[in-house]
$ cat my_file.tsv   # TSV, C-alpha atoms
chain	number	residue	atom	x	y	z
A	1	MET	CA	3.12	-67.94	37.57
A	2	ALA	CA	2.44	-66.45	34.16
A	3	ASP	CA	5.08	-64.40	32.35
A	4	VAL	CA	2.62	-61.51	32.04
A	5	PHE	CA	5.30	-59.05	30.93
A	6	GLY	CA	6.44	-61.38	28.16
A	7	MET	CA	2.87	-62.15	27.12
A	8	ALA	CA	2.12	-58.45	26.68
A	9	LEU	CA	5.29	-57.83	24.67
A	10	LYS	CA	4.60	-60.79	22.39
A	11	ASP	CA	1.03	-59.68	21.77
A	12	TYR	CA	2.22	-56.23	20.73
A	13	GLN	CA	5.00	-57.65	18.55
A	14	ASN	CA	2.50	-59.95	16.82
A	15	GLY	CA	-0.06	-57.21	16.19
A	16	HIS	CA	-2.48	-58.25	18.96
A	17	TYR	CA	-2.21	-55.15	21.17
A	18	THR	CA	-5.50	-54.49	22.97
A	19	GLU	CA	-4.54	-53.40	26.49
A	20	ASP	CA	-1.65	-52.30	28.69
A	21	ILE	CA	-0.06	-53.94	31.73
A	22	LYS	CA	-1.64	-52.91	35.01
A	23	THR	CA	0.67	-52.53	37.99
A	24	TYR	CA	-0.21	-52.61	41.66
A	25	SER	CA	2.32	-51.44	44.22
A	26	SER	CA	2.74	-50.86	47.92
A	27	LEU	CA	2.93	-47.11	47.16
A	28	ASP	CA	-0.21	-46.54	45.13
A	29	GLU	CA	-3.23	-48.54	44.12
A	30	GLU	CA	-2.92	-48.95	40.37
A	31	ASP	CA	-0.92	-47.72	37.40
A	32	VAL	CA	-0.21	-48.92	33.87
A	33	ILE	CA	2.83	-49.70	31.72
A	34	PRO	CA	1.90	-48.59	28.18
A	35	ILE	CA	3.12	-51.44	25.93
A	36	PRO	CA	3.87	-49.25	22.86
A	37	TYR	CA	6.30	-47.23	25.01
A	38	LEU	CA	8.45	-50.33	25.50
A	39	PHE	CA	8.99	-50.44	21.71
A	40	ARG	CA	10.09	-46.80	21.45
A	41	THR	CA	12.70	-45.46	19.06
A	42	PHE	CA	15.75	-43.47	20.14
A	43	ASN	CA	13.96	-40.20	19.38
A	44	GLU	CA	11.07	-41.22	21.65
A	45	MET	CA	13.33	-42.04	24.61
A	46	PRO	CA	13.86	-39.70	27.57
A	47	LYS	CA	17.06	-37.65	27.49
A	48	ILE	CA	18.54	-39.79	30.27
A	49	GLU	CA	18.24	-42.95	28.16
A	50	GLN	CA	19.53	-41.18	25.05
A	51	LYS	CA	22.58	-39.97	26.99
A	52	ALA	CA	23.25	-43.46	28.38
A	53	LEU	CA	23.18	-44.96	24.88
A	54	GLN	CA	25.53	-42.26	23.63
A	55	LEU	CA	27.97	-43.10	26.46
A	56	ALA	CA	27.91	-46.86	25.79
A	57	GLN	CA	31.16	-48.28	24.48
A	58	GLY	CA	32.75	-51.58	23.55
A	59	LYS	CA	30.97	-54.83	24.33
A	60	VAL	CA	27.58	-54.10	25.94
A	61	LEU	CA	25.20	-56.09	28.17
A	62	ASP	CA	21.68	-54.66	28.27
A	63	ILE	CA	20.32	-55.94	31.60
A	64	GLY	CA	16.54	-56.19	31.86
A	65	ALA	CA	16.33	-55.61	28.11
A	66	GLY	CA	12.54	-55.95	27.87
A	67	ALA	CA	11.47	-55.49	24.25
A	68	GLY	CA	15.08	-54.75	23.34
A	69	SER	CA	14.75	-51.13	22.21
A	70	HIS	CA	18.06	-50.05	23.77
A	71	ALA	CA	19.95	-53.12	22.54
A	72	LEU	CA	18.49	-52.75	19.06
A	73	TYR	CA	19.62	-49.13	18.81
A	74	LEU	CA	23.17	-50.04	19.86
A	75	GLN	CA	23.30	-53.06	17.54
A	76	ASN	CA	22.24	-50.86	14.64
A	77	LYS	CA	25.10	-48.51	15.57
A	78	GLY	CA	27.55	-51.40	15.21
A	79	TYR	CA	28.07	-52.33	18.88
A	80	GLY	CA	28.39	-55.91	20.05
A	81	VAL	CA	25.41	-55.99	22.40
A	82	THR	CA	23.70	-58.78	24.33
A	83	ALA	CA	20.11	-58.43	25.57
A	84	LEU	CA	19.52	-60.17	28.91
A	85	ASP	CA	16.12	-60.65	30.53
A	86	ASN	CA	14.52	-63.26	32.79
A	87	SER	CA	11.25	-63.09	30.81
A	88	GLU	CA	11.07	-65.76	28.12
A	89	GLY	CA	8.52	-63.68	26.20
A	90	ALA	CA	10.79	-60.64	26.29
A	91	ILE	CA	13.70	-62.63	24.89
A	92	ASP	CA	11.45	-64.07	22.15
A	93	VAL	CA	10.53	-60.51	21.17
A	94	CYS	CA	14.18	-59.41	21.21
A	95	LYS	CA	14.97	-62.24	18.80
A	96	ASP	CA	11.96	-61.40	16.61
A	97	ARG	CA	13.16	-57.80	16.39
A	98	GLY	CA	16.53	-58.96	15.13
A	99	ILE	CA	18.77	-58.80	18.20
A	100	LYS	CA	21.54	-61.27	17.46
A	101	SER	CA	22.77	-62.04	20.99
A	102	THR	CA	20.27	-62.76	23.78
A	103	VAL	CA	20.39	-64.41	27.20
A	104	LEU	CA	17.36	-65.73	29.10
A	105	ASN	CA	18.49	-65.49	32.72
A	106	ASN	CA	18.33	-63.58	35.98
A	107	ILE	CA	21.30	-61.21	36.10
A	108	LEU	CA	22.36	-62.58	39.50
A	109	ASP	CA	22.66	-66.07	37.97
A	110	TYR	CA	24.65	-64.89	34.96
A	111	SER	CA	28.45	-64.93	34.88
A	112	GLU	CA	29.38	-66.30	31.45
A	113	GLU	CA	31.08	-63.23	29.94
A	114	LYS	CA	32.51	-59.83	30.82
A	115	TYR	CA	31.63	-56.50	29.23
A	116	ASP	CA	32.87	-52.96	28.69
A	117	THR	CA	29.42	-51.48	29.41
A	118	LEU	CA	26.59	-52.73	31.59
A	119	LEU	CA	23.29	-50.95	30.89
A	120	LEU	CA	20.61	-50.83	33.60
A	121	LEU	CA	17.97	-48.49	32.20
A	122	MET	CA	14.35	-47.86	33.23
A	123	ASN	CA	15.50	-48.01	36.87
A	124	GLY	CA	17.44	-51.20	36.25
A	125	ILE	CA	19.13	-50.91	39.65
A	126	GLY	CA	15.67	-51.79	40.97
A	127	LEU	CA	16.53	-55.41	40.21
A	128	ALA	CA	18.45	-55.42	43.50
A	129	GLY	CA	14.99	-55.59	45.12
A	130	LYS	CA	15.85	-54.15	48.52
A	131	LEU	CA	18.47	-51.73	49.80
A	132	LYS	CA	20.19	-54.48	51.81
A	133	ASN	CA	20.83	-56.31	48.53
A	134	LEU	CA	22.50	-53.34	46.86
A	135	SER	CA	26.06	-54.19	47.94
A	136	PRO	CA	26.02	-57.83	46.74
A	137	PHE	CA	24.24	-56.66	43.57
A	138	LEU	CA	26.99	-54.13	42.85
A	139	GLN	CA	29.67	-56.72	43.63
A	140	HIS	CA	28.12	-59.12	41.13
A	141	LEU	CA	28.01	-56.38	38.48
A	142	ALA	CA	31.68	-55.66	39.18
A	143	SER	CA	32.47	-59.30	38.36
A	144	LEU	CA	30.95	-58.80	34.88
A	145	LEU	CA	33.11	-55.79	33.98
A	146	LEU	CA	36.18	-55.86	31.75
A	147	PRO	CA	39.12	-53.64	32.80
A	148	ASN	CA	38.11	-49.97	32.54
A	149	GLY	CA	34.48	-51.03	32.14
A	150	GLN	CA	31.48	-48.92	33.15
A	151	ILE	CA	27.95	-49.31	34.47
A	152	LEU	CA	25.33	-46.87	33.19
A	153	LEU	CA	22.15	-46.84	35.26
A	154	ASP	CA	19.19	-44.63	35.94
A	155	SER	CA	16.94	-44.46	38.98
A	156	SER	CA	14.70	-42.03	40.85
A	157	ASP	CA	14.39	-40.52	44.29
A	158	ILE	CA	10.73	-41.26	45.03
A	159	VAL	CA	10.59	-39.03	48.12
A	160	TYR	CA	8.19	-36.81	46.13
A	161	MET	CA	5.53	-39.53	46.48
A	162	PHE	CA	5.28	-38.87	50.22
A	163	GLU	CA	3.31	-36.10	51.88
A	164	GLN	CA	5.15	-32.81	52.26
A	165	ASP	CA	4.83	-30.55	55.30
A	166	ASP	CA	4.82	-26.74	55.42
A	167	ASP	CA	8.59	-26.62	55.99
A	168	GLY	CA	9.30	-28.53	52.77
A	169	GLY	CA	10.16	-31.79	54.53
A	170	TYR	CA	8.52	-35.12	53.77
A	171	TRP	CA	6.51	-37.44	55.99
A	172	ILE	CA	8.29	-40.75	55.49
A	173	PRO	CA	7.15	-43.76	57.55
A	174	ASN	CA	9.71	-44.63	60.20
A	175	ASP	CA	9.25	-48.40	60.02
A	176	GLY	CA	12.89	-49.36	59.59
A	177	THR	CA	12.74	-49.83	55.84
A	178	TYR	CA	14.19	-47.63	53.12
A	179	TYR	CA	11.49	-45.46	51.55
A	180	GLY	CA	12.53	-46.45	48.03
A	181	GLU	CA	11.60	-50.11	48.55
A	182	VAL	CA	8.40	-51.05	46.72
A	183	GLU	CA	6.53	-54.30	46.17
A	184	PHE	CA	4.97	-54.66	42.72
A	185	GLU	CA	2.53	-56.99	41.04
A	186	MET	CA	1.66	-56.92	37.33
A	187	GLU	CA	-1.59	-57.92	35.63
A	188	TYR	CA	-2.29	-58.50	31.95
A	189	LYS	CA	-5.46	-59.97	30.46
A	190	LYS	CA	-6.62	-61.03	33.93
A	191	GLN	CA	-3.41	-62.95	34.66
A	192	LYS	CA	-1.20	-61.74	37.49
A	193	SER	CA	2.53	-62.00	38.12
A	194	LYS	CA	3.79	-63.05	41.49
A	195	PRO	CA	4.68	-60.05	43.69
A	196	PHE	CA	8.27	-58.86	43.38
A	197	ASP	CA	10.50	-56.41	45.22
A	198	TRP	CA	11.88	-53.32	43.49
A	199	VAL	CA	14.01	-50.50	44.83
A	200	TYR	CA	14.36	-46.88	43.74
A	201	VAL	CA	17.70	-45.52	44.95
A	202	ASP	CA	18.35	-41.82	45.54
A	203	ILE	CA	21.72	-40.58	44.28
A	204	ASN	CA	23.25	-40.05	47.75
A	205	THR	CA	22.37	-43.57	48.83
A	206	LEU	CA	23.80	-44.94	45.58
A	207	GLN	CA	27.02	-42.97	45.99
A	208	ASN	CA	27.44	-44.28	49.55
A	209	ALA	CA	26.89	-47.86	48.39
A	210	CYS	CA	29.40	-47.36	45.58
A	211	GLU	CA	31.98	-45.96	47.98
A	212	SER	CA	31.58	-49.06	50.16
A	213	ASN	CA	31.98	-51.41	47.20
A	214	GLY	CA	34.98	-49.95	45.40
A	215	PHE	CA	33.14	-47.92	42.76
A	216	ASN	CA	33.36	-44.34	41.65
A	217	CYS	CA	29.85	-42.95	41.09
A	218	GLU	CA	29.47	-39.97	38.77
A	219	LEU	CA	26.15	-38.15	38.39
A	220	ILE	CA	25.86	-37.64	34.63
A	221	LEU	CA	22.42	-36.13	34.21
A	222	SER	CA	19.44	-35.17	36.34
A	223	GLY	CA	15.98	-35.57	34.84
A	224	GLU	CA	12.89	-33.46	35.23
A	225	HIS	CA	11.23	-35.59	37.90
A	226	TYR	CA	13.73	-36.67	40.59
A	227	ASP	CA	15.33	-39.12	38.15
A	228	TYR	CA	19.00	-39.28	37.21
A	229	LEU	CA	21.67	-41.08	35.17
A	230	ALA	CA	24.82	-42.30	36.90
A	231	LYS	CA	28.05	-43.79	35.63
A	232	LEU	CA	29.86	-46.31	37.84
A	233	THR	CA	33.50	-47.32	37.36
A	234	LEU	CA	35.74	-49.44	39.54
A	235	LYS	CA	38.41	-47.61	41.53
$ encode --input "my_file.tsv" --output "structure tokens"
Amino acid sequence: MADVFGMALKDYQNGHYTEDIKTYSSLDEEDVIPIPYLFRTFNEMPKIEQKALQLAQGKVLDIGAGAGSHALYLQNKGYGVTALDNSEGAIDVCKDRGIKSTVLNNILDYSEEKYDTLLLLMNGIGLAGKLKNLSPFLQHLASLLLPNGQILLDSSDIVYMFEQDDDGGYWIPNDGTYYGEVEFEMEYKKQKSKPFDWVYVDINTLQNACESNGFNCELILSGEHYDYLAKLTLK
């Protein structure tokens, strides 16, 4: 299947931006990822991302780096940062933008080095795919941490996307799955990605998973729309 995400990033990087990525999900019919937003500067980032970058320390792995905006900011601040993504186009763009250390790989297949800070921004915890995968995902991340290392991640509680009743509760389908599990498909210039699983994890569910997997989970910042930044450290 086409690397539609990477294709879009490369087009923008090379001055050929004409359209955005369309997304289709199991929650709503269609949305877009504005390509210019993926190339944002620090001042254009949400407060949650700015705070995460300010908390980064030591040797950093930017997981799901995309166009490399977070890694580039940290590199310019003097940090030793590696941008990791499983999109070949994304890694090409990271290199073009001057990021010195890049890795083309799926995070679950990567174990070459250990880091002081793991960054999982733009709902990077979604890479776990499904709630049942969250524990092994966290255990793998733990294996990439140096002593006293930290994981900085953001996510959202997407309960707001469900219908609300008069009492303030939400009508969530009782089909045995976690309501934050979503299936996505991306389209760019009439080429589609293969469908992929993504999970949005509410803070209570994340804290419970951390407790079960030997992590402390500190809520650092709550955003304006059910989103949050959390810091994970090993007990």
$ closest_atom_pairs --input "my_file.tsv" --of "range 14-92 of chain A" --to "range 119-134 of chain A" --cutoff "10 Å" --atoms "all atoms listed in the file" --output "CSV"
residue,atom,partner,partner_atom,distance
A:Pro46,CA,A:Met122,CA,9.9
A:Ile48,CA,A:Leu121,CA,8.9
A:Glu49,CA,A:Leu121,CA,6.9
A:Ala52,CA,A:Leu119,CA,7.9
A:Leu53,CA,A:Leu119,CA,8.5
A:Ala56,CA,A:Leu119,CA,8.0
A:Val60,CA,A:Leu119,CA,7.3
A:Leu61,CA,A:Leu119,CA,6.1
A:Asp62,CA,A:Leu119,CA,4.8
A:Ile63,CA,A:Leu120,CA,5.5
A:Gly64,CA,A:Gly124,CA,6.7
A:Ala65,CA,A:Leu121,CA,8.4
A:Gly66,CA,A:Met122,CA,9.9
A:His70,CA,A:Leu121,CA,8.6
A:Ala71,CA,A:Leu119,CA,9.3
A:Ala83,CA,A:Leu119,CA,9.7
$ write_last_selection --input "my_file.tsv" --atoms "C-alpha atoms" --output "mmCIF file, keeping the file's coordinate frame"
data_model
loop_
_atom_site.group_PDB
_atom_site.id
_atom_site.type_symbol
_atom_site.label_atom_id
_atom_site.label_comp_id
_atom_site.auth_asym_id
_atom_site.auth_seq_id
_atom_site.Cartn_x
_atom_site.Cartn_y
_atom_site.Cartn_z
ATOM 1 C CA PRO A 46 13.860 -39.700 27.570
ATOM 2 C CA ILE A 48 18.540 -39.790 30.270
ATOM 3 C CA GLU A 49 18.240 -42.950 28.160
ATOM 4 C CA ALA A 52 23.250 -43.460 28.380
ATOM 5 C CA LEU A 53 23.180 -44.960 24.880
ATOM 6 C CA ALA A 56 27.910 -46.860 25.790
ATOM 7 C CA VAL A 60 27.580 -54.100 25.940
ATOM 8 C CA LEU A 61 25.200 -56.090 28.170
ATOM 9 C CA ASP A 62 21.680 -54.660 28.270
ATOM 10 C CA ILE A 63 20.320 -55.940 31.600
ATOM 11 C CA GLY A 64 16.540 -56.190 31.860
ATOM 12 C CA ALA A 65 16.330 -55.610 28.110
ATOM 13 C CA GLY A 66 12.540 -55.950 27.870
ATOM 14 C CA HIS A 70 18.060 -50.050 23.770
ATOM 15 C CA ALA A 71 19.950 -53.120 22.540
ATOM 16 C CA ALA A 83 20.110 -58.430 25.570
#
$ closest_residue --input "my_file.tsv" --among "A:Ser111, A:Ser193, A:Thr41, A:Gln57" --to "Gly149 in chain A" --atoms "only C-alpha atoms"
A:Gln57
$ closest_residue --input "my_file.tsv" --among "A:Leu232, A:Val103, A:Ala67, A:Met186" --to "Gln207 in chain A" --atoms "all atoms listed in the file"
A:Leu232
$ closest_residue --input "my_file.tsv" --among "A:Phe39, A:Ser69, A:Gly58, A:His16" --to "Asp116 in chain A" --atoms "all atoms listed in the file"
A:Gly58
$ closest_residue --input "my_file.tsv" --among "A:Val159, A:Val4, A:Met45, A:Cys210" --to "Tyr226 in chain A" --atoms "all atoms listed in the file"
A:Val159
$ residues_around --input "my_file.tsv" --residues "Asp3 in chain A" --least-positions-apart "5" --cutoff "8 Å" --atoms "only C-alpha atoms" --output "PyMOL selection string"
chain A and resi 87-89+193
$ closest_residue --input "my_file.tsv" --among "A:Gly68, A:Thr117, A:Gly80, A:Asp96" --to "Gln13 in chain A" --atoms "only C-alpha atoms"
A:Asp96
$ atom_distance --input "my_file.tsv" --atom1 "CA of Glu112 in chain A" --atom2 "CA of Pro147 in chain A"
16.0 Å
$ decode --input "my_file.tsv" --residues "range 220-233 of chain A" --atoms "all heavy atoms" --output "PDB file, in the first residue's frame"
ATOM      1  N   ILE A 220       0.297  16.133  33.791  1.00  0.00           N
ATOM      2  CA  ILE A 220       1.060  17.383  33.768  1.00  0.00           C
ATOM      3  C   ILE A 220       0.180  18.568  33.386  1.00  0.00           C
ATOM      4  O   ILE A 220       0.246  19.642  33.988  1.00  0.00           O
ATOM      5  CB  ILE A 220       2.241  17.286  32.780  1.00  0.00           C
ATOM      6  CG1 ILE A 220       3.201  16.164  33.192  1.00  0.00           C
ATOM      7  CG2 ILE A 220       2.979  18.626  32.669  1.00  0.00           C
ATOM      8  CD1 ILE A 220       3.941  16.410  34.478  1.00  0.00           C
ATOM      9  N   LEU A 221      -0.662  18.366  32.372  1.00  0.00           N
ATOM     10  CA  LEU A 221      -1.426  19.486  31.844  1.00  0.00           C
ATOM     11  C   LEU A 221      -2.689  18.971  31.165  1.00  0.00           C
ATOM     12  O   LEU A 221      -2.646  17.970  30.442  1.00  0.00           O
ATOM     13  CB  LEU A 221      -0.560  20.242  30.813  1.00  0.00           C
ATOM     14  CG  LEU A 221      -1.054  21.585  30.282  1.00  0.00           C
ATOM     15  CD1 LEU A 221      -1.144  22.618  31.400  1.00  0.00           C
ATOM     16  CD2 LEU A 221      -0.088  22.092  29.196  1.00  0.00           C
ATOM     17  N   SER A 222      -3.798  19.627  31.410  1.00  0.00           N
ATOM     18  CA  SER A 222      -5.041  19.317  30.703  1.00  0.00           C
ATOM     19  C   SER A 222      -5.283  20.384  29.649  1.00  0.00           C
ATOM     20  O   SER A 222      -5.124  21.580  29.919  1.00  0.00           O
ATOM     21  CB  SER A 222      -6.223  19.279  31.682  1.00  0.00           C
ATOM     22  OG  SER A 222      -6.089  18.203  32.589  1.00  0.00           O
ATOM     23  N   GLY A 223      -5.673  19.952  28.455  1.00  0.00           N
ATOM     24  CA  GLY A 223      -5.924  20.885  27.370  1.00  0.00           C
ATOM     25  C   GLY A 223      -7.355  21.403  27.395  1.00  0.00           C
ATOM     26  O   GLY A 223      -8.120  21.150  28.330  1.00  0.00           O
ATOM     27  N   GLU A 224      -7.703  22.109  26.347  1.00  0.00           N
ATOM     28  CA  GLU A 224      -9.012  22.751  26.285  1.00  0.00           C
ATOM     29  C   GLU A 224     -10.103  21.825  25.759  1.00  0.00           C
ATOM     30  O   GLU A 224     -11.272  22.161  25.828  1.00  0.00           O
ATOM     31  CB  GLU A 224      -8.917  23.997  25.382  1.00  0.00           C
ATOM     32  CG  GLU A 224      -7.952  25.045  25.924  1.00  0.00           C
ATOM     33  CD  GLU A 224      -7.724  26.191  24.956  1.00  0.00           C
ATOM     34  OE1 GLU A 224      -8.279  26.134  23.834  1.00  0.00           O
ATOM     35  OE2 GLU A 224      -6.985  27.123  25.310  1.00  0.00           O
ATOM     36  N   HIS A 225      -9.714  20.665  25.236  1.00  0.00           N
ATOM     37  CA  HIS A 225     -10.724  19.818  24.592  1.00  0.00           C
ATOM     38  C   HIS A 225     -10.495  18.343  24.926  1.00  0.00           C
ATOM     39  O   HIS A 225     -10.204  17.536  24.051  1.00  0.00           O
ATOM     40  CB  HIS A 225     -10.699  20.038  23.077  1.00  0.00           C
ATOM     41  CG  HIS A 225     -11.977  19.633  22.405  1.00  0.00           C
ATOM     42  ND1 HIS A 225     -13.202  20.196  22.702  1.00  0.00           N
ATOM     43  CD2 HIS A 225     -12.227  18.686  21.462  1.00  0.00           C
ATOM     44  CE1 HIS A 225     -14.146  19.636  21.963  1.00  0.00           C
ATOM     45  NE2 HIS A 225     -13.572  18.712  21.209  1.00  0.00           N
ATOM     46  N   TYR A 226     -10.582  18.024  26.226  1.00  0.00           N
ATOM     47  CA  TYR A 226     -10.481  16.632  26.699  1.00  0.00           C
ATOM     48  C   TYR A 226      -9.096  16.020  26.472  1.00  0.00           C
ATOM     49  O   TYR A 226      -8.920  14.815  26.618  1.00  0.00           O
ATOM     50  CB  TYR A 226     -11.552  15.738  26.035  1.00  0.00           C
ATOM     51  CG  TYR A 226     -12.969  16.104  26.372  1.00  0.00           C
ATOM     52  CD1 TYR A 226     -13.652  17.083  25.645  1.00  0.00           C
ATOM     53  CD2 TYR A 226     -13.652  15.481  27.410  1.00  0.00           C
ATOM     54  CE1 TYR A 226     -14.966  17.432  25.949  1.00  0.00           C
ATOM     55  CE2 TYR A 226     -14.961  15.811  27.724  1.00  0.00           C
ATOM     56  CZ  TYR A 226     -15.607  16.799  26.995  1.00  0.00           C
ATOM     57  OH  TYR A 226     -16.906  17.128  27.297  1.00  0.00           O
ATOM     58  N   ASP A 227      -8.117  16.837  26.060  1.00  0.00           N
ATOM     59  CA  ASP A 227      -6.778  16.317  25.840  1.00  0.00           C
ATOM     60  C   ASP A 227      -5.894  16.596  27.054  1.00  0.00           C
ATOM     61  O   ASP A 227      -6.224  17.412  27.911  1.00  0.00           O
ATOM     62  CB  ASP A 227      -6.152  16.907  24.562  1.00  0.00           C
ATOM     63  CG  ASP A 227      -6.213  18.432  24.540  1.00  0.00           C
ATOM     64  OD1 ASP A 227      -7.074  19.004  25.233  1.00  0.00           O
ATOM     65  OD2 ASP A 227      -5.407  19.043  23.813  1.00  0.00           O
ATOM     66  N   TYR A 228      -4.773  15.897  27.137  1.00  0.00           N
ATOM     67  CA  TYR A 228      -3.916  16.036  28.307  1.00  0.00           C
ATOM     68  C   TYR A 228      -2.487  15.614  27.970  1.00  0.00           C
ATOM     69  O   TYR A 228      -2.241  14.914  26.987  1.00  0.00           O
ATOM     70  CB  TYR A 228      -4.444  15.169  29.465  1.00  0.00           C
ATOM     71  CG  TYR A 228      -4.403  13.681  29.182  1.00  0.00           C
ATOM     72  CD1 TYR A 228      -3.262  12.917  29.446  1.00  0.00           C
ATOM     73  CD2 TYR A 228      -5.508  13.033  28.609  1.00  0.00           C
ATOM     74  CE1 TYR A 228      -3.219  11.570  29.165  1.00  0.00           C
ATOM     75  CE2 TYR A 228      -5.477  11.669  28.332  1.00  0.00           C
ATOM     76  CZ  TYR A 228      -4.317  10.944  28.607  1.00  0.00           C
ATOM     77  OH  TYR A 228      -4.273   9.617  28.314  1.00  0.00           O
ATOM     78  N   LEU A 229      -1.558  16.061  28.818  1.00  0.00           N
ATOM     79  CA  LEU A 229      -0.159  15.633  28.755  1.00  0.00           C
ATOM     80  C   LEU A 229       0.157  14.858  30.018  1.00  0.00           C
ATOM     81  O   LEU A 229      -0.168  15.315  31.121  1.00  0.00           O
ATOM     82  CB  LEU A 229       0.769  16.860  28.644  1.00  0.00           C
ATOM     83  CG  LEU A 229       2.268  16.598  28.753  1.00  0.00           C
ATOM     84  CD1 LEU A 229       2.770  15.776  27.568  1.00  0.00           C
ATOM     85  CD2 LEU A 229       3.040  17.925  28.860  1.00  0.00           C
ATOM     86  N   ALA A 230       0.787  13.702  29.864  1.00  0.00           N
ATOM     87  CA  ALA A 230       1.166  12.879  31.011  1.00  0.00           C
ATOM     88  C   ALA A 230       2.655  12.562  30.966  1.00  0.00           C
ATOM     89  O   ALA A 230       3.253  12.467  29.883  1.00  0.00           O
ATOM     90  CB  ALA A 230       0.357  11.582  31.029  1.00  0.00           C
ATOM     91  N   LYS A 231       3.213  12.410  32.150  1.00  0.00           N
ATOM     92  CA  LYS A 231       4.618  12.026  32.283  1.00  0.00           C
ATOM     93  C   LYS A 231       4.676  10.679  32.990  1.00  0.00           C
ATOM     94  O   LYS A 231       4.133  10.518  34.097  1.00  0.00           O
ATOM     95  CB  LYS A 231       5.382  13.091  33.078  1.00  0.00           C
ATOM     96  CG  LYS A 231       6.816  12.718  33.439  1.00  0.00           C
ATOM     97  CD  LYS A 231       7.434  13.851  34.253  1.00  0.00           C
ATOM     98  CE  LYS A 231       8.721  13.410  34.920  1.00  0.00           C
ATOM     99  NZ  LYS A 231       9.281  14.503  35.757  1.00  0.00           N
ATOM    100  N   LEU A 232       5.323   9.708  32.371  1.00  0.00           N
ATOM    101  CA  LEU A 232       5.445   8.358  32.918  1.00  0.00           C
ATOM    102  C   LEU A 232       6.875   8.109  33.335  1.00  0.00           C
ATOM    103  O   LEU A 232       7.815   8.404  32.577  1.00  0.00           O
ATOM    104  CB  LEU A 232       5.030   7.311  31.885  1.00  0.00           C
ATOM    105  CG  LEU A 232       3.545   7.026  31.671  1.00  0.00           C
ATOM    106  CD1 LEU A 232       2.739   8.271  31.376  1.00  0.00           C
ATOM    107  CD2 LEU A 232       3.368   5.990  30.561  1.00  0.00           C
ATOM    108  N   THR A 233       7.077   7.588  34.537  1.00  0.00           N
ATOM    109  CA  THR A 233       8.391   7.184  35.011  1.00  0.00           C
ATOM    110  C   THR A 233       8.277   5.814  35.674  1.00  0.00           C
ATOM    111  O   THR A 233       7.233   5.480  36.238  1.00  0.00           O
ATOM    112  CB  THR A 233       8.953   8.182  36.042  1.00  0.00           C
ATOM    113  OG1 THR A 233       7.967   8.416  37.067  1.00  0.00           O
ATOM    114  CG2 THR A 233       9.303   9.517  35.382  1.00  0.00           C
TER     115      THR A 233
END
